[in-house]
file final00.txt (compact mmCIF, C-alpha atoms)
# COMPACT_ATOMS: atom_id res chain seq x y z
CA MET A 1 41.35 -105.69 196.62
CA ARG A 2 38.43 -107.92 195.93
CA THR A 3 35.53 -107.77 198.29
CA PHE A 4 32.41 -109.44 199.49
CA SER A 5 29.33 -108.04 197.83
CA ILE A 6 27.25 -105.56 199.70
CA LEU A 7 23.71 -105.23 199.74
CA LEU A 8 22.00 -104.22 198.17
CA LEU A 9 21.22 -103.11 198.35
CA SER A 10 21.02 -104.32 200.74
CA ILE A 11 19.24 -103.10 198.60
CA PHE A 12 18.23 -104.18 195.86
CA SER A 13 15.22 -106.12 197.91
CA ILE A 14 12.81 -108.16 197.73
CA PHE A 15 7.86 -114.64 198.15
CA LEU A 16 5.40 -117.00 197.01
CA PHE A 17 8.43 -117.43 194.80
CA PRO A 18 10.69 -119.20 197.32
CA VAL A 19 13.44 -117.18 198.92
CA ASN A 20 16.01 -119.82 198.01
CA THR A 21 14.98 -120.17 194.37
CA TYR A 22 18.32 -118.86 193.14
CA CYS A 23 20.32 -119.01 196.35
CA ASN A 24 21.09 -122.63 197.17
CA VAL A 25 23.49 -123.36 194.36
CA TYR A 26 25.19 -126.35 195.98
CA ASN A 27 23.35 -127.89 198.87
CA PRO A 28 19.67 -127.21 199.59
CA ALA A 29 20.46 -127.62 203.27
CA ALA A 30 21.01 -124.22 204.84
CA SER A 31 21.20 -122.87 208.33
CA VAL A 32 18.04 -121.58 210.00
CA TRP A 33 17.13 -117.94 209.46
CA LYS A 34 18.21 -115.83 212.44
CA LEU A 35 16.55 -112.53 213.32
CA ILE A 36 19.31 -109.90 213.49
CA SER A 37 17.24 -106.77 214.05
CA ASN A 38 13.70 -105.44 214.06
CA VAL A 39 13.65 -101.66 213.77
CA ASP A 40 10.84 -99.37 212.59
CA GLY A 41 8.82 -102.33 211.39
CA ILE A 42 11.69 -103.71 209.29
CA GLU A 43 12.93 -107.20 210.14
CA MET A 44 16.38 -108.35 209.02
CA PHE A 45 17.31 -112.04 208.98
CA GLU A 46 20.52 -113.88 208.07
CA ARG A 47 21.52 -117.45 207.42
CA TRP A 48 24.45 -119.39 205.95
CA ILE A 49 24.26 -121.04 202.52
CA ASN A 50 26.63 -123.74 201.23
CA ILE A 51 28.33 -122.81 197.95
CA ASP A 52 30.52 -125.91 197.72
CA LYS A 53 31.93 -128.50 200.09
CA ASP A 54 34.37 -126.04 201.61
CA THR A 55 32.66 -122.67 201.26
CA LYS A 56 29.58 -121.05 202.69
CA VAL A 57 28.30 -117.49 202.39
CA ARG A 58 25.76 -115.43 204.23
CA GLU A 59 22.31 -114.78 202.82
CA ARG A 60 20.42 -111.75 204.11
CA THR A 61 16.74 -110.87 203.90
CA GLY A 62 14.62 -107.93 205.01
CA LYS A 63 10.84 -107.82 205.44
CA MET A 64 8.43 -104.93 205.88
CA THR A 65 4.84 -103.93 205.21
CA LEU A 66 4.34 -100.57 203.49
CA ARG A 67 1.34 -98.27 203.24
CA CYS A 68 1.31 -98.15 199.46
CA SER A 69 0.42 -100.32 196.48
CA ALA A 70 2.64 -103.04 195.03
CA ASP A 71 2.88 -101.04 191.81
CA GLU A 72 4.20 -98.02 193.70
CA VAL A 73 6.98 -100.17 195.16
CA LEU A 74 7.84 -101.55 191.74
CA SER A 75 7.81 -98.09 190.20
CA LEU A 76 10.38 -96.83 192.70
CA ILE A 77 12.83 -99.73 192.66
CA SER A 78 12.71 -99.96 188.86
CA ASN A 79 13.44 -96.26 188.36
CA ALA A 80 17.22 -96.08 188.10
CA SER A 81 17.17 -92.28 188.19
CA ARG A 82 15.81 -92.46 191.77
CA ASN A 83 18.20 -95.10 193.11
CA ARG A 84 20.36 -92.49 194.83
CA GLU A 85 17.34 -91.37 196.85
CA TRP A 86 17.29 -94.61 198.82
CA MET A 87 20.45 -96.62 198.07
CA SER A 88 23.45 -95.88 200.28
CA ASN A 89 26.79 -94.80 198.83
CA VAL A 90 25.65 -94.74 195.21
CA GLU A 91 27.97 -92.52 193.21
CA GLU A 92 26.49 -93.11 189.78
CA VAL A 93 23.73 -95.24 188.26
CA LYS A 94 22.81 -95.66 184.61
CA VAL A 95 20.55 -97.90 182.53
CA ILE A 96 22.79 -99.37 179.83
CA LYS A 97 20.31 -101.73 178.15
CA ARG A 98 16.52 -102.06 178.13
CA SER A 99 14.80 -104.92 176.34
CA ASN A 100 11.35 -103.96 177.61
CA ASP A 101 9.62 -102.74 180.79
CA SER A 102 10.28 -106.11 182.45
CA ASP A 103 13.93 -106.62 181.49
CA TRP A 104 16.72 -104.06 181.75
CA VAL A 105 20.37 -103.73 182.81
CA VAL A 106 21.80 -101.10 185.16
CA HIS A 107 25.41 -100.11 185.85
CA THR A 108 25.95 -98.85 189.40
CA ILE A 109 29.11 -97.35 190.91
CA LEU A 110 29.36 -97.51 194.71
CA ASP A 111 31.69 -95.58 196.98
CA VAL A 112 31.28 -97.71 200.09
CA PRO A 113 32.82 -97.31 203.56
CA TRP A 114 36.00 -98.93 204.82
CA PRO A 115 37.11 -101.72 204.63
CA PHE A 116 35.75 -101.92 201.07
CA ASN A 117 37.19 -100.35 197.95
CA LYS A 118 35.13 -98.46 195.39
CA GLN A 119 32.89 -100.98 193.64
CA ASP A 120 30.67 -101.32 190.62
CA MET A 121 28.01 -103.76 189.56
CA VAL A 122 26.17 -104.57 186.34
CA SER A 123 22.70 -105.82 187.25
CA ASN A 124 20.04 -107.41 185.07
CA TYR A 125 16.54 -106.71 186.41
CA LYS A 126 13.80 -109.18 185.47
CA VAL A 127 10.19 -108.56 186.52
CA THR A 128 7.37 -111.10 186.65
CA ARG A 129 3.82 -110.63 187.89
CA ASN A 130 1.20 -113.12 189.08
CA ILE A 131 -1.96 -111.92 187.34
CA VAL A 132 -4.16 -113.73 189.89
CA THR A 133 -2.60 -112.61 193.18
CA GLY A 134 -0.92 -109.41 191.96
CA GLU A 135 2.38 -110.52 193.47
CA ILE A 136 5.42 -108.99 191.76
CA ILE A 137 8.87 -110.58 191.70
CA VAL A 138 11.97 -108.66 190.68
CA LEU A 139 15.15 -110.67 190.22
CA VAL A 140 18.44 -108.76 190.20
CA LEU A 141 21.15 -110.88 188.61
CA SER A 142 24.80 -110.15 187.90
CA GLU A 143 25.43 -109.49 184.21
CA LYS A 144 28.94 -110.69 183.43
CA THR A 145 29.49 -109.93 179.74
CA LEU A 146 27.82 -106.65 178.83
CA LEU A 147 30.34 -104.21 180.30
CA PRO A 148 34.12 -104.72 180.72
CA LYS A 149 35.54 -104.43 184.22
CA HIS A 150 37.04 -101.08 185.15
CA LYS A 151 40.55 -101.08 186.59
CA ASP A 152 39.59 -98.65 189.36
CA PHE A 153 36.61 -100.64 190.69
CA ASP A 154 36.03 -103.96 192.35
CA ARG A 155 33.34 -105.59 190.20
CA LEU A 156 30.54 -107.18 192.22
CA ASP A 157 29.96 -109.92 189.69
CA THR A 158 28.57 -112.59 192.01
CA PHE A 159 25.78 -110.51 193.50
CA ASN A 160 22.15 -111.65 193.24
CA ALA A 161 19.02 -110.25 194.82
CA GLU A 162 15.28 -110.81 194.81
CA TRP A 163 12.40 -108.52 195.61
CA VAL A 164 8.97 -110.01 196.30
CA ILE A 165 6.17 -107.45 196.49
CA LYS A 166 2.85 -108.86 197.64
CA PRO A 167 -0.41 -106.82 197.84
CA CYS A 168 -2.11 -107.38 201.17
CA GLY A 169 -5.22 -105.20 200.96
CA ASN A 170 -6.10 -101.70 202.19
CA ASN A 171 -3.47 -100.20 199.88
CA LYS A 172 -0.65 -102.02 201.62
CA ALA A 173 2.14 -104.21 200.29
CA LYS A 174 4.38 -106.75 201.97
CA VAL A 175 7.93 -106.37 200.67
CA THR A 176 10.72 -108.89 201.09
CA PHE A 177 14.24 -108.25 199.87
CA THR A 178 16.80 -111.06 199.80
CA THR A 179 20.42 -110.77 198.74
CA LYS A 180 23.53 -112.91 198.53
CA SER A 181 26.93 -113.03 196.88
CA THR A 182 28.53 -116.35 195.97
CA ARG A 183 31.95 -114.85 196.63
CA PRO A 184 33.24 -115.94 200.05
CA PRO A 185 33.75 -113.13 202.59
CA GLU A 186 37.20 -111.63 202.35
CA TYR A 187 37.20 -109.88 205.70
CA PRO A 188 36.47 -111.21 209.20
CA SER A 189 32.80 -111.01 210.07
CA TRP A 190 33.47 -108.58 212.92
CA VAL A 191 34.90 -106.14 210.35
CA GLN A 192 32.45 -106.40 207.48
CA ASP A 193 29.16 -107.41 209.11
CA PRO A 194 28.46 -104.08 210.85
CA VAL A 195 29.09 -102.19 207.59
CA VAL A 196 26.94 -104.46 205.43
CA ARG A 197 24.11 -104.66 207.97
CA LYS A 198 24.01 -100.90 208.40
CA MET A 199 23.82 -100.31 204.65
CA PHE A 200 21.18 -103.00 204.21
CA MET A 201 18.90 -101.54 206.89
CA THR A 202 19.52 -97.95 205.81
CA ASN A 203 18.45 -98.75 202.27
CA LEU A 204 15.22 -100.37 203.41
CA LYS A 205 14.46 -97.53 205.83
CA ASN A 206 15.01 -94.99 203.06
CA LEU A 207 12.76 -96.95 200.72
CA LYS A 208 10.04 -97.18 203.33
CA THR A 209 10.19 -93.46 204.04
CA LEU A 210 9.90 -92.56 200.36
CA LEU A 211 6.95 -94.87 199.80
CA THR A 212 4.95 -94.01 202.91
CA THR A 213 5.29 -90.24 202.77
CA THR A 214 4.50 -89.63 199.08

call {"tool": "encode", "arguments": {"input": "final00.txt", "output": "structure tokens"}}
result
Amino acid sequence: MRTFSILLLSIFSIFLFPVNTYCNVYNPAASVWKLISNVDGIEMFERWINIDKDTKVRERTGKMTLRCSADEVLSLISNASRNREWMSNVEEVKVIKRSNDSDWVVHTILDVPWPFNKQDMVSNYKVTRNIVTGEIIVLVLSEKTLLPKHKDFDRLDTFNAEWVIKPCGNNKAKVTFTTKSTRPPEYPSWVQDPVVRKMFMTNLKNLKTLLTTT
């Protein structure tokens, strides 16, 4: 059964580089961001994005300010061996290609809660840095050709995410994580939204805890 992309991560997070740089693939008009929750200093917003004339999908973003440097945030989210420390339901994660320190590909297997099946994703991470402001942008884009689909997994091949990590002085960093899948939701919102929202917030809470207690 095919499924609407999660997170990620909820997770993978996170904009002097506009939030909708890669998101509005059909119509730049989108619904207004709506605050869904604000817990432990982490704000989660959602809005609808038009994919084509008949289809729209939900875009989700989380924002938080952390007591750490921007480089510490980047170091954690770019370390695939530590993904299981903060990403929910990760069964296995592996770097399968690395061009350089700013461009690599990760294969992730997810054992997510009902109503979803076991899923996997092949994600290309691309890092850019503004040498003037210190702002770091990490794009997480679906890689569609590097690894064949596995018969036992639903491939999340329409998932995209963006992290924006902005230094804000006093060893603090503002982190914004935005994610969207261009695959229309398969399940009613009352079924899938609580699952996706919980995973999204849990990932950001875990990330915050790791970065503010080390």

call {"tool": "atom_distance", "arguments": {"input": "final00.txt", "atom1": "atom CA of Asp157 of chain A", "atom2": "atom CA of Ser142 of chain A"}}
result
5.5 Å

call {"tool": "atom_distance", "arguments": {"input": "final00.txt", "atom1": "atom CA of Thr65 of chain A", "atom2": "atom CA of Lys172 of chain A"}}
result
6.8 Å

call {"tool": "closest_atom_pairs", "arguments": {"input": "final00.txt", "of": "segment 116-137 of chain A", "to": "segment 143-154 of chain A", "cutoff": "12 Å", "atoms": "all atoms listed in the file", "output": "CSV"}}
result
residue,atom,partner,partner_atom,distance
A:Phe116,CA,A:Asp154,CA,9.0
A:Asn117,CA,A:Asp154,CA,6.8
A:Lys118,CA,A:Phe153,CA,5.4
A:Gln119,CA,A:Asp154,CA,4.5
A:Asp120,CA,A:Phe153,CA,6.0
A:Met121,CA,A:Glu143,CA,8.3
A:Val122,CA,A:Glu143,CA,5.4
A:Ser123,CA,A:Glu143,CA,5.5
A:Asn124,CA,A:Glu143,CA,5.8
A:Tyr125,CA,A:Glu143,CA,9.6
A:Lys126,CA,A:Glu143,CA,11.7

call {"tool": "closest_residue", "arguments": {"input": "final00.txt", "among": "A:His107, A:Lys34, A:Arg67, A:Lys56", "to": "Asn83 of chain A", "atoms": "all atoms listed in the file"}}
result
A:His107

call {"tool": "atom_distance", "arguments": {"input": "final00.txt", "atom1": "atom CA of Val93 of chain A", "atom2": "atom CA of Val127 of chain A"}}
result
19.1 Å

call {"tool": "closest_residue", "arguments": {"input": "final00.txt", "among": "A:Ile49, A:Val95, A:Ala173, A:Val106", "to": "Gly134 of chain A", "atoms": "all atoms listed in the file"}}
result
A:Ala173

call {"tool": "closest_residue", "arguments": {"input": "final00.txt", "among": "A:Val57, A:Ile96, A:Met201, A:Val39", "to": "Thr182 of chain A", "atoms": "only C-alpha atoms"}}
result
A:Val57

call {"tool": "closest_residue", "arguments": {"input": "final00.txt", "among": "A:Arg129, A:Arg197, A:Arg98, A:Lys180", "to": "Trp48 of chain A", "atoms": "all atoms listed in the file"}}
result
A:Lys180

call {"tool": "closest_residue", "arguments": {"input": "final00.txt", "among": "A:Thr61, A:Gln192, A:Thr133, A:Asn50", "to": "Glu162 of chain A", "atoms": "all atoms listed in the file"}}
result
A:Thr61

call {"tool": "closest_residue", "arguments": {"input": "final00.txt", "among": "A:Met87, A:Val73, A:Ile136, A:Ile131", "to": "Asp111 of chain A", "atoms": "all atoms listed in the file"}}
result
A:Met87

call {"tool": "residues_around", "arguments": {"input": "final00.txt", "residues": "Glu92 of chain A", "least_positions_apart": "4", "cutoff": "8 Å", "atoms": "only C-alpha atoms", "output": "PyMOL selection string"}}
result
chain A and resi 84+108-110
